[in-house]
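Student: Before we start, here is the structure in question, set down as structure tokens.
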Amino acid sequence: MKNHPKNRWQDSLAKTLDPVARLVYRSNLIGEDPTLTNTGGGNTSSKIMEKDPLTGSETEVLWVKGSGGDLRTAKRDGFSSLYMERLKGLQKNYLGSKAKGPKSQIEDDMVGAYAHCTFNLNPRPSSIDTPLHGFVPARHVDHTHPNAAISLAACGKGKELTKEIYGDEVIWTDWQRPGFDLGLILEKVCKDHPKAKGAIMGQHGLINWHEDDKKCYELTLELVGRAAEAIEKKDRGDKTFGGEKYKSPIEKERKALWLSILPWLRGKVSAQQRMIGTVQEDVTILRFVNSKDAPRLAEMGTSCPDHFLRTKIKPLYVPWDPATGDVAKLRSLLEEGLEAYRADYKKYYEKCKRKDSPAMRDPNPTVVLIPGLGMVAWGKSKSESRVTAEFYNCAVEVMRGAEALGGYINLPQQEAFDIEYWQLEEAKLKRMPAEQELARQVIAVVGAGSGIGKETAHRLAKEGASIVCVDLNEKSAQETSAELVKKLGDGIGVAGTGISGCGPAIGLGANIVDRKSVADMLGEAVYAYGGIDGVVVTAGIFVPPDLEGRIPDEKWAQTFAINVTGSYVVADEANKIFKAQGLPASLVLTTSVNAVVAKKGSLAYDTSKAAANHLVRELAIELSPLVRVNAVAPATVVQGSAMFPRDRVMASLAKYKIPFMEKEGDEELRTRLAEFYAKRTLTQSPITPADQAEAAFLLVSAKRFPRTTGQVIHVDGGLADGFLR
Ligand SMILES: [Zn+2]
């Protein structure tokens with residue numbers, strides 16, 4: 001049956017593992033199954049007998065998924081470990097406090113006390129769900145956020161239905177914010193209902209337990225499966241969400257519509273801070289946004305607490321009729337919708353805030369729903385926006401189930417607020433490391449397949465930018481992007497349609513002398529990330545001359561087409577996106593010191609670079625005040641350069657009368673030439689792609705030279721002939 005979790009437990013594997021590794025294994029199995037839990041949601045535990053390093057005697061230790069982890073990707077170090085005896089001992093402290101219960105100060109103080117229960121110096125901080133696991137007496141506990149179970153938990157008749165579906169095996173508990181008191185409630189459930197195997201936690205999720213770990217996993221599957229079955233039995237088919245109100249345009253038209261609004265919309269939702277987008281337009285989301293009930297349900301917001309931390313209390317839904325295809329109307333609806341959303345958010349904050357609440361956060365929506373098109377989710381990074389999209393996907397599935405079961409209910413606003421603005425959440429945000437310099441920025445590097453471009457892509461990624469690697473050779477662009485993804489990791493969150501499901505880098509092919517090719521490439525980048533903040537062009541061509549120092553006329557034309565017109569076309573097309581976004585942007589071109597040093601044998605190249613130098617100045621004027629335009633002018637970067645093939649290296653060695661042998665390898669010849677060039681410079685050291693990449697980073701970053709535009713920076717080791725005057 002659809003939405004039924006599959007049992008993937010392998011005894012042959014499990015029996016090779018120690019008890020903690022078995023817990024990690026069980027957690028990963030649960031985390032990998034989207035019908036069982038969402039990214040970052042849920043937690044698992046095992047109570048394991050261990051040798052106490054202090055006394056040498058056996059002691060019971062609770063191993064439980066720690067704070068900030070994710071079941072799918074968790075490893076052993078994602079789990080905290082606590083002396084059971086000490087954790088249980090905290091009950092005396094808690095119960096002795098005058099003020100106690102949900103949202104009391106002692107609840108939050110208990111989180112700090114968990115560190116005092118740590119077994120064996122495990123540095124992983126404990127999560128707020130620790131008492132849920134510690135106070136349920138069974139050896140193994142799974143707490144999950146399955147869409148099917150949350151449908152039950154977020155249904156008006158959830159309590160009755162739980163009884164109907166599970167009898168006395170699963171007990172209903174009313175919504176309560178996670179914390180110490182909720183742990184005590186679960187402890188009481190186990191005491192009062194010794195036969196119970198689990199509980200549906202109102203508007204939150206599922207928790208179940210067993211003495212055996214494999215059986216605990218199987219129980220999770222079974223209980224989720226039973227909820228899913230109950231939903232399927234009442235599935236409303238064509239009448240899901242009240243039935244269809246709008247029809248989606250075909251895929252190609254949908255994409256064109258997305259591209260026509262994404263950069264503009266990104267500019268709007270980035271008014272306080274830049275956001276990166278994830279577009280989702282699969283069948284599930286389209287059915288929802290096109291439905292009759294979407295406006296009502298969207299307004300009610302998401303339910304599961306860790307959903308709305310990212311999705312905000314509700315998404316922005318705009319009542320646009322896709323049959324009109326009227327983009328201007330869509331924009332005006334979005335504009336009005338955004339204004340109303342921000343005002344609503346402010347109202348919600350003012351109404352629910354407490355005297356010690358943190359200041360109001362960004363009032364812009366993180367989820368935007370458009371009939372006919374689907375959803376775009378926004379976050380501070382690609383990974384974050386994918387999680388947000390995933391969570392709203394979950395919310396749609398939860399609403400489908402809850403509506404089928406009798407009617408979806410949302411969490412009261414004050415409860416939502418007390419999660420969103422919880423001091424513990426605020427403390428978590430404050431503990432996060434400062435954002436990197438290029439965080440929230442999408443930068444395209446044109447020429448990223450090799451040499452300076454590849455080095456620049458790596459340099460900018462290191463500063464936190466999302467990188468669009470572009471090259472005439474698409475394969476090499478993809479290789480660079482694969483290197484970056486491998487280095488940085490894919491991040492978390494499972495969502496995004498097509499290329500929009502990407503990680504921190506993508507690789508695309510484009511021919512910069514072909515305007516359509518450039519526009520298509522930038523379109524893909526916009527679809528992947530929602531917009532672009534900077535472009536660095538390192539692509540160029542040097543045609544080696546014949547023995548008389550000449551190149552054919554068509555090669556002259558090609559040299560100018562690539563080195564001058566190509567950069568112009570990229571700048572002109574990127575500027576359309578920059579203008580639509582209305583956010584400050586940066587463009588960095590690559591010229592050459594040869595632009596100002598006349599010499600023999602490279603007429604076409606040198607004059608094209610002189611033109612490129614002036615192109616920088618012209619563009620700086622044309623694109624101001626929004627876009628800064630600057631250039632890096634390298635000289636004689638031999639290492640790893642596609643512009644120094646073996647032939648050219650040998651021609652140059654011959655020109656400078658440097659002895660070499662035919663049989664010598666490419667790198668030996670290149671090193672020889674690089675050393676010769678280095679001797680001609682004032683700093684006497686070879687010039688590397690890393691030197692150029694550093695300059696490109698400084699120029700593209702809005703923080704380093706924010707007042708510099710129209711400039712060409714020489715990175716040449718110091719060539720007196722190249723001094724500008
Ligand atoms: Zn939970």
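Each chain in the structure tokens gets a letter, A, B and so on, in the order shown; residues start at 1 in every chain, and ligands are counted from 1 in the order they appear.
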Can I get the residues close to ligand 1 as a list in words, where close means within 9 Å and we count only C-alpha atoms and all ligand atoms?
Tutor: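 Result of the 9 Å neighbour search around ligand 1: Gly41, Gly42, Asn43, Asp129, His143, Thr144, His145, Pro178, Met201, His204, Gly205, Leu206, Ile207, Cys304, Pro305 and Asp306 of chain A.
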Student: Write the residues of the preceding selection, restricted to all heavy atoms, as a short mmCIF file (atom, residue, chain, number, x, y, z; two decimals), in the first residue's frame.
Tutor:
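Everything below was put into part_38.cif:
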data_model
loop_
_atom_site.label_atom_id
_atom_site.label_comp_id
_atom_site.auth_asym_id
_atom_site.auth_seq_id
_atom_site.Cartn_x
_atom_site.Cartn_y
_atom_site.Cartn_z
N GLY A 41 13.86 15.62 12.25
CA GLY A 41 12.76 15.38 13.19
C GLY A 41 12.84 14.01 13.83
O GLY A 41 13.32 13.05 13.24
N GLY A 42 12.33 13.94 15.03
CA GLY A 42 12.28 12.66 15.74
C GLY A 42 13.60 12.33 16.42
O GLY A 42 14.63 12.98 16.16
N ASN A 43 13.55 11.36 17.30
CA ASN A 43 14.77 10.88 17.95
C ASN A 43 14.56 9.47 18.47
O ASN A 43 13.43 9.01 18.61
CB ASN A 43 15.23 11.83 19.07
CG ASN A 43 14.08 12.61 19.66
OD1 ASN A 43 13.12 12.03 20.14
ND2 ASN A 43 14.16 13.93 19.60
N ASP A 129 14.18 16.57 24.06
CA ASP A 129 13.35 15.37 24.11
C ASP A 129 13.95 14.26 24.99
O ASP A 129 13.37 13.18 25.11
CB ASP A 129 13.14 14.81 22.69
CG ASP A 129 12.11 15.61 21.92
OD1 ASP A 129 11.35 16.37 22.57
OD2 ASP A 129 12.05 15.49 20.69
N HIS A 143 10.93 7.94 18.70
CA HIS A 143 9.98 9.05 18.57
C HIS A 143 10.13 9.59 17.15
O HIS A 143 11.22 9.97 16.74
CB HIS A 143 10.27 10.14 19.60
CG HIS A 143 9.63 11.45 19.24
ND1 HIS A 143 8.29 11.55 18.93
CD2 HIS A 143 10.13 12.69 19.10
CE1 HIS A 143 8.00 12.81 18.63
NE2 HIS A 143 9.11 13.52 18.72
N THR A 144 9.03 9.57 16.39
CA THR A 144 9.11 9.96 14.98
C THR A 144 8.05 10.99 14.62
O THR A 144 7.13 11.24 15.39
CB THR A 144 8.90 8.71 14.09
OG1 THR A 144 7.73 8.03 14.53
CG2 THR A 144 10.09 7.77 14.17
N HIS A 145 8.22 11.57 13.44
CA HIS A 145 7.27 12.55 12.89
C HIS A 145 6.72 12.02 11.57
O HIS A 145 6.96 12.62 10.52
CB HIS A 145 7.95 13.90 12.65
CG HIS A 145 8.41 14.60 13.89
ND1 HIS A 145 9.24 15.69 13.87
CD2 HIS A 145 8.14 14.37 15.20
CE1 HIS A 145 9.47 16.11 15.11
NE2 HIS A 145 8.82 15.31 15.93
N PRO A 178 7.37 20.21 23.98
CA PRO A 178 8.33 19.23 24.51
C PRO A 178 9.09 19.79 25.70
O PRO A 178 9.32 20.98 25.80
CB PRO A 178 9.29 19.01 23.34
CG PRO A 178 8.54 19.40 22.12
CD PRO A 178 7.58 20.47 22.55
N MET A 201 1.19 11.77 20.17
CA MET A 201 1.33 13.03 20.88
C MET A 201 0.60 14.10 20.07
O MET A 201 1.00 14.41 18.94
CB MET A 201 2.82 13.38 21.03
CG MET A 201 3.57 12.34 21.87
SD MET A 201 5.30 12.25 21.46
CE MET A 201 5.87 13.75 22.22
N HIS A 204 1.73 16.62 17.22
CA HIS A 204 3.19 16.51 17.23
C HIS A 204 3.67 15.25 16.50
O HIS A 204 4.26 15.35 15.42
CB HIS A 204 3.66 16.54 18.68
CG HIS A 204 5.13 16.45 18.84
ND1 HIS A 204 5.77 16.80 20.00
CD2 HIS A 204 6.11 16.03 18.01
CE1 HIS A 204 7.07 16.62 19.87
NE2 HIS A 204 7.30 16.15 18.67
N GLY A 205 3.38 14.07 17.01
CA GLY A 205 3.93 12.88 16.35
C GLY A 205 3.66 11.61 17.13
O GLY A 205 2.70 11.51 17.89
N LEU A 206 4.55 10.66 16.92
CA LEU A 206 4.37 9.32 17.48
C LEU A 206 5.55 8.97 18.38
O LEU A 206 6.69 9.37 18.10
CB LEU A 206 4.31 8.33 16.30
CG LEU A 206 4.32 6.83 16.61
CD1 LEU A 206 3.01 6.39 17.27
CD2 LEU A 206 4.52 6.02 15.32
N ILE A 207 5.27 8.23 19.44
CA ILE A 207 6.36 7.66 20.25
C ILE A 207 5.96 6.22 20.58
O ILE A 207 4.79 5.94 20.83
CB ILE A 207 6.63 8.50 21.53
CG1 ILE A 207 7.84 7.94 22.29
CG2 ILE A 207 5.41 8.59 22.44
CD1 ILE A 207 8.39 8.89 23.35
N CYS A 304 3.16 20.37 12.99
CA CYS A 304 4.26 19.79 13.77
C CYS A 304 5.25 20.90 14.17
O CYS A 304 5.66 21.69 13.34
CB CYS A 304 4.94 18.73 12.93
SG CYS A 304 6.14 17.79 13.84
N PRO A 305 5.65 20.97 15.45
CA PRO A 305 6.48 22.08 15.90
C PRO A 305 7.75 22.30 15.09
O PRO A 305 8.08 23.42 14.74
CB PRO A 305 6.80 21.72 17.35
CG PRO A 305 6.23 20.38 17.61
CD PRO A 305 5.26 20.07 16.54
N ASP A 306 8.46 21.21 14.75
CA ASP A 306 9.70 21.50 14.03
C ASP A 306 9.43 21.82 12.56
O ASP A 306 10.32 22.21 11.83
CB ASP A 306 10.77 20.42 14.21
CG ASP A 306 10.39 19.12 13.60
OD1 ASP A 306 9.21 18.97 13.28
OD2 ASP A 306 11.28 18.26 13.45
#
Student: Can you tell me, as a PyMOL selection string, what residues are no more than 9 Å from segment 275-284 of chain A when counting only C-alpha atoms, ignoring any on the same chain fewer than 4 positions away?
Tutor: chain A and resi 254+258+262+266-267+269-270+288-289+366+372-382+384-386+388-389+393+396-397+440-442+495-498+500-502+526-531
Student: Restrict the calculation to only C-alpha atoms, then for each residue of segment 485-600 of chain A with any atom at most 12 Å from an atom of segment 66-83 of chain A give the closest atom pair and their distance in Å to one decimal, rows by chain and rising residue number, as JSON lines.
Tutor:
{"residue": "A:Gly489", "atom": "CA", "partner": "A:Thr73", "partner_atom": "CA", "distance": 11.5}
{"residue": "A:Asp490", "atom": "CA", "partner": "A:Thr73", "partner_atom": "CA", "distance": 11.2}
{"residue": "A:Gly491", "atom": "CA", "partner": "A:Thr73", "partner_atom": "CA", "distance": 10.0}
{"residue": "A:Ile492", "atom": "CA", "partner": "A:Asp70", "partner_atom": "CA", "distance": 8.5}
{"residue": "A:Gly493", "atom": "CA", "partner": "A:Asp70", "partner_atom": "CA", "distance": 9.9}
{"residue": "A:Val494", "atom": "CA", "partner": "A:Arg72", "partner_atom": "CA", "distance": 10.8}
Student: Mind the document's chain letters and residue numbers, and return as JSON, numbers by chain the residues of segment 547-688 of chain A that DSSP labels helix (DSSP H, G or I).
Tutor: {"A": [553, 554, 555, 556, 557, 558, 559, 560, 561, 562, 563, 564, 565, 566, 567, 568, 569, 570, 571, 572, 573, 574, 575, 576, 577, 578, 579, 580, 581, 593, 594, 595, 603, 604, 605, 606, 607, 608, 609, 610, 611, 612, 613, 614, 615, 616, 617, 618, 619, 620, 621, 622, 646, 647, 648, 649, 650, 651, 652, 653, 654, 655, 666, 667, 668, 669, 670, 671, 672, 673, 674, 675, 676, 677, 678, 679]}
Student: Quick check, in Å to one decimal: how far apart do atom CA of Ser685 of chain A and atom CA of Ala651 of chain A lie?
Tutor: 21.9 Å
Student: Apply DSSP to the structure's backbone, then extract all residues of segment 8-203 of chain A labelled strand (DSSP E or B) and return them as a ChimeraX atom specification.
Tutor: /A:43-51,58-65,79-83,118,140-144,155,170-173,198-201
Student: Based on the selection just made, write N, CA and C atoms of those residues as a tab-separated table (two decimals), in the first residue's frame.
Tutor:
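As written to disk, part.tsv reads:
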chain	number	residue	atom	x	y	z
A	43	ASN	N	13.55	11.36	17.30
A	43	ASN	CA	14.77	10.88	17.95
A	43	ASN	C	14.56	9.47	18.47
A	44	THR	N	15.67	8.79	18.69
A	44	THR	CA	15.64	7.37	19.06
A	44	THR	C	16.57	7.17	20.25
A	45	SER	N	16.34	6.09	20.98
A	45	SER	CA	17.23	5.85	22.13
A	45	SER	C	17.31	4.37	22.48
A	46	SER	N	18.39	4.04	23.19
A	46	SER	CA	18.53	2.71	23.79
A	46	SER	C	19.14	2.88	25.17
A	47	LYS	N	18.66	2.07	26.10
A	47	LYS	CA	19.26	2.07	27.44
A	47	LYS	C	20.21	0.86	27.48
A	48	ILE	N	21.47	1.17	27.68
A	48	ILE	CA	22.51	0.14	27.50
A	48	ILE	C	23.35	0.03	28.77
A	49	MET	N	23.68	-1.21	29.17
A	49	MET	CA	24.56	-1.40	30.33
A	49	MET	C	26.00	-1.17	29.89
A	50	GLU	N	26.70	-0.31	30.59
A	50	GLU	CA	28.09	0.01	30.23
A	50	GLU	C	28.96	-0.03	31.49
A	51	LYS	N	30.26	-0.18	31.26
A	51	LYS	CA	31.18	-0.16	32.39
A	51	LYS	C	31.49	1.30	32.73
A	58	GLU	N	29.16	-1.99	36.41
A	58	GLU	CA	28.15	-1.85	35.35
A	58	GLU	C	27.13	-0.77	35.73
A	59	THR	N	26.80	0.05	34.75
A	59	THR	CA	25.80	1.08	35.02
A	59	THR	C	24.90	1.26	33.79
A	60	GLU	N	23.66	1.70	34.01
A	60	GLU	CA	22.73	1.85	32.89
A	60	GLU	C	22.90	3.23	32.27
A	61	VAL	N	23.08	3.24	30.94
A	61	VAL	CA	23.32	4.50	30.23
A	61	VAL	C	22.26	4.69	29.16
A	62	LEU	N	21.71	5.91	29.12
A	62	LEU	CA	20.75	6.24	28.06
A	62	LEU	C	21.51	6.85	26.89
A	63	TRP	N	21.47	6.17	25.75
A	63	TRP	CA	22.02	6.73	24.52
A	63	TRP	C	20.84	7.28	23.72
A	64	VAL	N	20.85	8.57	23.43
A	64	VAL	CA	19.70	9.19	22.77
A	64	VAL	C	20.18	10.23	21.77
A	65	LYS	N	19.50	10.30	20.63
A	65	LYS	CA	19.91	11.27	19.61
A	65	LYS	C	20.03	12.65	20.25
A	79	PHE	N	24.85	11.13	19.06
A	79	PHE	CA	24.05	10.69	20.21
A	79	PHE	C	24.70	11.16	21.51
A	80	SER	N	23.87	11.60	22.43
A	80	SER	CA	24.39	11.93	23.75
A	80	SER	C	24.24	10.69	24.63
A	81	SER	N	25.02	10.63	25.70
A	81	SER	CA	24.92	9.48	26.60
A	81	SER	C	24.83	10.00	28.03
A	82	LEU	N	23.87	9.49	28.79
A	82	LEU	CA	23.63	9.99	30.14
A	82	LEU	C	23.46	8.84	31.13
A	83	TYR	N	23.99	9.04	32.34
A	83	TYR	CA	23.73	8.08	33.42
A	83	TYR	C	22.23	8.08	33.69
A	118	THR	N	26.06	13.57	32.03
A	118	THR	CA	26.82	12.98	30.93
A	118	THR	C	27.65	11.78	31.36
A	140	HIS	N	14.11	0.35	24.56
A	140	HIS	CA	14.30	1.06	23.29
A	140	HIS	C	13.08	1.92	23.00
A	141	VAL	N	13.34	3.17	22.54
A	141	VAL	CA	12.24	4.10	22.27
A	141	VAL	C	12.49	4.79	20.93
A	142	ASP	N	11.44	4.82	20.08
A	142	ASP	CA	11.50	5.58	18.83
A	142	ASP	C	10.47	6.71	18.91
A	143	HIS	N	10.93	7.94	18.70
A	143	HIS	CA	9.98	9.05	18.57
A	143	HIS	C	10.13	9.59	17.15
A	144	THR	N	9.03	9.57	16.39
A	144	THR	CA	9.11	9.96	14.98
A	144	THR	C	8.05	10.99	14.62
A	155	CYS	N	-5.72	16.09	13.73
A	155	CYS	CA	-7.09	15.95	13.24
A	155	CYS	C	-8.03	16.29	14.41
A	170	VAL	N	-2.17	2.08	21.76
A	170	VAL	CA	-1.57	3.40	21.62
A	170	VAL	C	-2.47	4.42	22.32
A	171	ILE	N	-1.85	5.22	23.17
A	171	ILE	CA	-2.61	6.16	24.01
A	171	ILE	C	-2.47	7.57	23.46
A	172	TRP	N	-3.54	8.31	23.49
A	172	TRP	CA	-3.51	9.72	23.06
A	172	TRP	C	-3.01	10.60	24.18
A	173	THR	N	-2.09	11.54	23.87
A	173	THR	CA	-1.76	12.59	24.85
A	173	THR	C	-1.98	13.94	24.17
A	198	GLY	N	2.73	2.51	22.75
A	198	GLY	CA	3.13	3.81	22.24
A	198	GLY	C	2.08	4.85	22.52
A	199	ALA	N	2.35	6.07	22.03
A	199	ALA	CA	1.40	7.17	22.21
A	199	ALA	C	1.40	8.06	20.98
A	200	ILE	N	0.22	8.59	20.65
A	200	ILE	CA	0.13	9.66	19.66
A	200	ILE	C	0.17	10.95	20.46
A	201	MET	N	1.19	11.77	20.17
A	201	MET	CA	1.33	13.03	20.88
A	201	MET	C	0.60	14.10	20.07
Student: I want to know what sits within 10 Å of Lys487 of chain A, based on only C-alpha atoms, with residues of the same chain fewer than 5 positions away left out; could you give that as a list in words?
Tutor: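 The residues that qualify are His458, Ala461, Lys462, Ser481 and Ala482 of chain A.
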Student: Hey, what's within 10 Å of Leu186 of chain A if we count only C-alpha atoms and toss same-chain stuff fewer than 3 positions away? As number ranges by chain, please?
Tutor: A: 131-137, 171, 173, 181-183, 189-192, 198-199, 201, 207
Student: Residues of the last selection are to be written out with all heavy atoms, as a short mmCIF file (atom, residue, chain, number, x, y, z; two decimals), in the first residue's frame.
Tutor:
data_model
loop_
_atom_site.label_atom_id
_atom_site.label_comp_id
_atom_site.auth_asym_id
_atom_site.auth_seq_id
_atom_site.Cartn_x
_atom_site.Cartn_y
_atom_site.Cartn_z
N PRO A 131 14.08 13.64 28.23
CA PRO A 131 13.25 12.98 29.25
C PRO A 131 12.17 12.07 28.66
O PRO A 131 11.79 11.09 29.31
CB PRO A 131 12.60 14.15 30.02
CG PRO A 131 12.97 15.39 29.33
CD PRO A 131 14.02 15.12 28.33
N LEU A 132 11.71 12.35 27.44
CA LEU A 132 10.74 11.45 26.79
C LEU A 132 11.30 10.04 26.76
O LEU A 132 10.61 9.06 26.95
CB LEU A 132 10.51 11.86 25.33
CG LEU A 132 9.58 13.01 24.99
CD1 LEU A 132 9.49 13.16 23.49
CD2 LEU A 132 8.21 12.77 25.58
N HIS A 133 12.58 9.97 26.45
CA HIS A 133 13.24 8.67 26.29
C HIS A 133 13.66 8.09 27.64
O HIS A 133 13.58 6.90 27.85
CB HIS A 133 14.46 8.82 25.37
CG HIS A 133 14.09 9.16 23.97
ND1 HIS A 133 13.99 8.21 22.99
CD2 HIS A 133 13.74 10.34 23.38
CE1 HIS A 133 13.62 8.80 21.85
NE2 HIS A 133 13.46 10.08 22.07
N GLY A 134 14.09 8.98 28.51
CA GLY A 134 14.60 8.51 29.79
C GLY A 134 13.50 7.98 30.70
O GLY A 134 13.72 7.03 31.46
N PHE A 135 12.32 8.59 30.65
CA PHE A 135 11.28 8.25 31.62
C PHE A 135 10.33 7.15 31.13
O PHE A 135 9.52 6.65 31.89
CB PHE A 135 10.51 9.50 32.03
CG PHE A 135 11.38 10.58 32.64
CD1 PHE A 135 10.94 11.89 32.75
CD2 PHE A 135 12.67 10.27 33.10
CE1 PHE A 135 11.76 12.88 33.30
CE2 PHE A 135 13.50 11.25 33.64
CZ PHE A 135 13.04 12.56 33.74
N VAL A 136 10.40 6.81 29.83
CA VAL A 136 9.66 5.63 29.36
C VAL A 136 10.52 4.43 29.76
O VAL A 136 11.70 4.37 29.40
CB VAL A 136 9.46 5.68 27.83
CG1 VAL A 136 9.01 4.33 27.30
CG2 VAL A 136 8.46 6.76 27.45
N PRO A 137 9.97 3.52 30.57
CA PRO A 137 10.84 2.47 31.14
C PRO A 137 11.41 1.47 30.12
O PRO A 137 12.42 0.84 30.40
CB PRO A 137 9.93 1.77 32.15
CG PRO A 137 8.54 2.21 31.86
CD PRO A 137 8.60 3.48 31.10
N ILE A 171 -1.85 5.22 23.17
CA ILE A 171 -2.61 6.16 24.01
C ILE A 171 -2.47 7.57 23.46
O ILE A 171 -1.40 7.96 23.01
CB ILE A 171 -2.05 6.12 25.47
CG1 ILE A 171 -1.98 4.67 25.97
CG2 ILE A 171 -2.86 7.00 26.40
CD1 ILE A 171 -3.30 3.92 25.99
N THR A 173 -2.09 11.54 23.87
CA THR A 173 -1.76 12.59 24.85
C THR A 173 -1.98 13.94 24.17
O THR A 173 -1.64 14.10 22.99
CB THR A 173 -0.29 12.52 25.34
OG1 THR A 173 0.58 12.64 24.21
CG2 THR A 173 0.00 11.21 26.05
N ASP A 181 8.28 18.08 31.58
CA ASP A 181 6.93 17.68 32.00
C ASP A 181 6.32 16.65 31.04
O ASP A 181 5.63 15.73 31.46
CB ASP A 181 6.04 18.92 32.09
CG ASP A 181 4.79 18.64 32.90
OD1 ASP A 181 4.92 18.39 34.11
OD2 ASP A 181 3.70 18.61 32.31
N LEU A 182 6.60 16.82 29.76
CA LEU A 182 6.08 15.87 28.78
C LEU A 182 6.68 14.48 29.03
O LEU A 182 6.01 13.46 28.86
CB LEU A 182 6.41 16.35 27.35
CG LEU A 182 5.69 15.64 26.21
CD1 LEU A 182 4.18 15.70 26.35
CD2 LEU A 182 6.09 16.25 24.86
N GLY A 183 7.95 14.46 29.47
CA GLY A 183 8.59 13.19 29.84
C GLY A 183 7.84 12.52 30.99
O GLY A 183 7.59 11.31 30.99
N VAL A 189 1.82 7.59 31.45
CA VAL A 189 1.10 6.78 30.45
C VAL A 189 1.53 5.32 30.57
O VAL A 189 0.72 4.40 30.59
CB VAL A 189 1.35 7.32 29.01
CG1 VAL A 189 0.95 6.29 27.96
CG2 VAL A 189 0.59 8.62 28.78
N CYS A 190 2.85 5.11 30.68
CA CYS A 190 3.37 3.74 30.75
C CYS A 190 2.90 3.05 32.04
O CYS A 190 2.62 1.86 32.05
CB CYS A 190 4.89 3.75 30.69
SG CYS A 190 5.51 4.31 29.11
N LYS A 191 2.84 3.84 33.13
CA LYS A 191 2.43 3.28 34.42
C LYS A 191 0.93 2.94 34.41
O LYS A 191 0.52 1.86 34.84
CB LYS A 191 2.72 4.32 35.51
CG LYS A 191 3.05 3.69 36.83
CD LYS A 191 3.73 4.71 37.72
CE LYS A 191 3.23 4.54 39.15
NZ LYS A 191 3.35 5.80 39.89
N ASP A 192 0.14 3.88 33.87
CA ASP A 192 -1.32 3.69 33.88
C ASP A 192 -1.79 2.67 32.85
O ASP A 192 -2.87 2.11 32.96
CB ASP A 192 -2.04 5.03 33.61
CG ASP A 192 -1.80 6.03 34.73
OD1 ASP A 192 -1.27 5.59 35.78
OD2 ASP A 192 -2.12 7.23 34.56
N GLY A 198 2.73 2.51 22.75
CA GLY A 198 3.13 3.81 22.24
C GLY A 198 2.08 4.85 22.52
O GLY A 198 1.07 4.57 23.17
N ALA A 199 2.35 6.07 22.03
CA ALA A 199 1.40 7.17 22.21
C ALA A 199 1.40 8.06 20.98
O ALA A 199 2.45 8.25 20.34
CB ALA A 199 1.76 7.98 23.45
N MET A 201 1.19 11.77 20.17
CA MET A 201 1.33 13.03 20.88
C MET A 201 0.60 14.10 20.07
O MET A 201 1.00 14.41 18.94
CB MET A 201 2.82 13.38 21.03
CG MET A 201 3.57 12.34 21.87
SD MET A 201 5.30 12.25 21.46
CE MET A 201 5.87 13.75 22.22
N ILE A 207 5.27 8.23 19.44
CA ILE A 207 6.36 7.66 20.25
C ILE A 207 5.96 6.22 20.58
O ILE A 207 4.79 5.94 20.83
CB ILE A 207 6.63 8.50 21.53
CG1 ILE A 207 7.84 7.94 22.29
CG2 ILE A 207 5.41 8.59 22.44
CD1 ILE A 207 8.39 8.89 23.35
#
Student: Choose the residue, out of A:Leu257, A:Val543, A:Met360, A:Ala14, that has the smallest atom-to-atom separation from Ala328 of chain A; count only C-alpha atoms.
Tutor: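 Of the candidates, the smallest distance to Ala328 of chain A is held by A:Leu257.
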Student: Which residues are close to Asn473 of chain A, i.e. within 8 Å by only C-alpha atoms, leaving aside same-chain residues fewer than 5 positions away? Reply as a VMD selection string.
Tutor: chain A and resid 449 509 to 510
Student: Identify, on the basis of only C-alpha atoms, every residue whose closest approach to Ala230 of chain A does not exceed 10 Å; exclude the query and any residue fewer than 6 positions from it along the same chain; express the result as a PyMOL selection string.
Tutor: chain A and resi 148+152+161+164-165+401+404-405
Student: Could you give me, as a tab-separated table, every segment 431-485 of chain A residue with an atom at most 12 Å from segment 624-634 of chain A, plus its closest atom pair and distance in Å to one decimal, counting only C-alpha atoms, rows ordered by chain then number?
Tutor:
residue	atom	partner	partner_atom	distance
A:Ile452	CA	A:Pro634	CA	9.6
A:Gly453	CA	A:Val632	CA	11.9
A:Thr456	CA	A:Val632	CA	11.6
Student: Excluding Cys394 of chain A and its own-chain neighbours fewer than 6 positions away, which residues fall within 9 Å of it when counting only C-alpha atoms? Please give them as a PyMOL selection string.
Tutor: chain A and resi 38+146-147+307
Student: Those selected residues, please, written with N, CA and C atoms and delivered as a compact mmCIF listing (two decimals), in the first residue's frame.
Tutor:
# COMPACT_ATOMS: atom_id res chain seq x y z
N ASN A 38 10.80 13.27 9.16
CA ASN A 38 11.33 14.32 8.29
C ASN A 38 12.74 14.66 8.72
N PRO A 146 6.00 10.92 11.58
CA PRO A 146 5.49 10.39 10.30
C PRO A 146 4.25 11.18 9.86
N ASN A 147 4.19 11.49 8.55
CA ASN A 147 3.04 12.28 8.06
C ASN A 147 1.72 11.62 8.46
N HIS A 307 8.19 21.71 12.11
CA HIS A 307 7.85 22.18 10.77
C HIS A 307 7.85 23.71 10.75
